[in-house]
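See structure below.
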Amino acid sequence: MARILEPKCRQCRREGEKLYLKGERCYTSKCAIVKRNYAPGVHGVKGKPRLTEFGTQLREKQKAKRTYRLLETQFRNYYETAIKKPGNTGELMLRMIESRLDNVVYRAGFGSSRDLARQLVSHGHFLVNGTPVNIASFQTKAGDVITVKQNKKGEAYWENLLKITDQQRGEIPSWLQVDRKGYQITVTQLPSMEIIQSPINMTLIVEFYSR
């Protein structure tokens with residue numbers, strides 16, 4: 001499986017904001033954005049360059065890819081699929097990305113980062129509607145019920161998960177219903193742009209790909 005190998009903190013510094021790629025570390029004073037809030041490189045602190053229209057669109061695309069841990073081919077495929085459907089292309093694209101199984105696991109607070117959530121999925125920790133699924137890009141639908149396999153619940157990771165407070169876990173989006181003690185996630189509806197409230201400007205990304 002292809003992976004993004006660039007150091008995570010470097011990616012956040014390149015985008016100039018927290019992408020929350022390292023889980024709990026991102027909420028502490030050790031976060032690179034707190035310690036070195038400037039672009040990476042050998043020249044140290046420099047002023048931010050003035051971006052062209054193309055540069056602004058490119059940076060937004062790169063931020064989205066890094067946030068959701070997607071490679072270029074994967075990300076563009078979501079655009080190609082969304083553009084063929086009726087409706088707002090940016091919203092359809094974001095909905096498909098948010099509906100990925102690894103993202104649902106992350107949003108439900110079962111993984112402190114999307115990388116960890118993807119690892120849990122690929123290692124076969126979950127059932128979707130009673131069927132084992134180990135594909136991170138699996139598209140969940142409204143009404144899907146995601147549960148942890150019975151033989152995995154005794155592992156230390158899942159036992160420690162119950163000790164994590166609501167503040168540490170973060171806010172669970174309204175389109176998901178989570179039963180922590182039962183290790184169960186229910187997708188109550190497909191996410192919309194208003195519900196997701198993403199800081200990513202999907203319009204810029206659509207404009208980038210439609211050039």
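Following the order of the structure tokens, chains are lettered A, B, ..., residues in each are numbered from 1, and ligands are numbered from 1.
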
- Query: Quick one: residues within 8 Å of segment 55-65 of chain A, only C-alpha atoms counted, chain neighbours fewer than 2 positions away excluded, as a VMD selection string?
  - Reply: chain A and resid 15 19 51 to 53 67 to 72 75 200 to 201 204 to 205 207 to 208

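Taking only C-alpha atoms, the non-local environment of Arg180 of chain A within 12 Å (same-chain residues fewer than 2 positions away omitted) comprises Val105, Ala108, Gly109, Phe110, Ile146, Thr147, Val148, Lys153, Trp158, Glu159, Asn160, Leu161, Leu162, Lys163, Ile164, Thr165, Asp166, Arg169, Ile172, Gln177, Val178, Gly182, Tyr183, Gln184, Ile185 and Thr186 of chain A.
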
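What separates atom CA of Val206 of chain A from atom CA of Thr89 of chain A is a distance of 7.2 Å.
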
*asked:* I want to know what sits within 8 Å of Pro173 of chain A, based on only C-alpha atoms, with residues of the same chain fewer than 3 positions away left out; could you give that as a ChimeraX atom specification?
replied: /A:107-108,176,195-196

Just the alpha helix (DSSP H) stuff from segment 31-147 of chain A, please, per backbone DSSP, written as a short mmCIF file (atom, residue, chain, number, x, y, z; two decimals) with C-alpha atoms, in the first residue's frame.
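Printed below is selection-v9.cif as written:
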data_model
loop_
_atom_site.label_atom_id
_atom_site.label_comp_id
_atom_site.auth_asym_id
_atom_site.auth_seq_id
_atom_site.Cartn_x
_atom_site.Cartn_y
_atom_site.Cartn_z
CA ALA A 32 5.66 21.99 15.26
CA ILE A 33 3.24 24.81 14.47
CA VAL A 34 3.63 26.02 18.06
CA LYS A 35 7.43 25.68 18.09
CA GLU A 53 -4.36 32.21 -8.33
CA PHE A 54 -2.86 28.90 -9.42
CA GLY A 55 -0.64 28.81 -6.32
CA THR A 56 -3.62 29.39 -4.02
CA GLN A 57 -5.55 26.57 -5.66
CA LEU A 58 -2.53 24.26 -5.49
CA ARG A 59 -1.94 24.92 -1.80
CA GLU A 60 -5.60 24.18 -1.01
CA LYS A 61 -5.40 20.90 -2.90
CA GLN A 62 -2.20 19.91 -1.13
CA LYS A 63 -3.71 20.78 2.26
CA ALA A 64 -6.75 18.58 1.57
CA LYS A 65 -4.62 15.66 0.37
CA ARG A 66 -2.40 15.83 3.41
CA THR A 67 -5.30 16.24 5.83
CA TYR A 68 -7.11 13.15 4.53
CA GLU A 72 -2.65 12.41 -5.93
CA THR A 73 -4.20 9.58 -7.97
CA GLN A 74 -6.70 8.76 -5.21
CA PHE A 75 -7.62 12.40 -4.73
CA ARG A 76 -8.10 13.10 -8.42
CA ASN A 77 -10.24 9.97 -8.79
CA TYR A 78 -12.69 11.46 -6.28
CA TYR A 79 -12.89 14.57 -8.45
CA GLU A 80 -13.39 12.53 -11.63
CA THR A 81 -16.21 10.58 -9.95
CA ALA A 82 -17.87 13.67 -8.47
CA ILE A 83 -17.84 15.68 -11.70
CA THR A 89 -18.91 18.87 -7.41
CA GLY A 90 -16.98 20.15 -4.39
CA GLU A 91 -19.61 18.95 -1.92
CA LEU A 92 -19.93 15.55 -3.61
CA MET A 93 -16.16 15.17 -3.56
CA LEU A 94 -15.90 16.09 0.12
CA ARG A 95 -18.81 13.78 0.99
CA MET A 96 -17.07 10.80 -0.64
CA ILE A 97 -13.83 11.54 1.17
CA GLU A 98 -15.56 12.02 4.53
CA LEU A 101 -14.22 4.01 6.45
CA ASP A 102 -10.88 5.22 7.84
CA ASN A 103 -12.22 8.77 8.15
CA VAL A 104 -15.43 7.57 9.85
CA VAL A 105 -13.34 5.64 12.40
CA TYR A 106 -11.26 8.77 13.01
CA ARG A 107 -14.27 11.09 13.26
CA ARG A 114 -6.36 9.31 10.36
CA ASP A 115 -3.16 7.29 9.95
CA LEU A 116 -3.96 5.30 13.08
CA ALA A 117 -7.57 4.85 11.97
CA ARG A 118 -6.37 3.56 8.60
CA GLN A 119 -4.02 1.11 10.33
CA LEU A 120 -6.87 -0.22 12.48
CA VAL A 121 -9.02 -0.75 9.39
CA SER A 122 -6.29 -2.41 7.34
#

task = Between atom CA of Tyr209 of chain A and atom CA of Thr140 of chain A, measure the distance and give it in Å to one decimal.
result =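 The value is 25.3 Å.
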
Where does DSSP see strand (DSSP E or B) in segment 21-192 of chain A, if you list the residues as a list in words?
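Selection result, strand (DSSP E or B) within segment 21-192 of chain A: Arg100, Phe126, Leu127, Val128, Thr131, Pro132, Gln139, Val145, Ile146, Thr147, Val148, Leu176, Gln177, Val178, Asp179, Gln184, Ile185, Thr186 and Val187 of chain A.
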
Tell me which protein, DNA and RNA residues are within 7 Å of Val187 of chain A, counting only C-alpha atoms, leaving out same-chain ones fewer than 3 positions away, and put them as a list in words.
Lys141, Ala142, Gly143, Asp144, Val145, Trp175, Leu176 and Gln177 of chain A

_Selected residue of minimal separation from Phe126 of chain A among A:Leu190, A:Pro86, A:Arg211, A:Lys149, counting only C-alpha atoms_ =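 Going through A:Leu190, A:Pro86, A:Arg211, A:Lys149 one by one, the smallest distance to Phe126 of chain A is for A:Lys149.
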
Q. What separation in Å, quoted to one decimal, exists between atom CA of Gly124 of chain A and atom CA of Ser174 of chain A?
A.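 Going from atom CA of Gly124 of chain A over to atom CA of Ser174 of chain A covers 25.9 Å.
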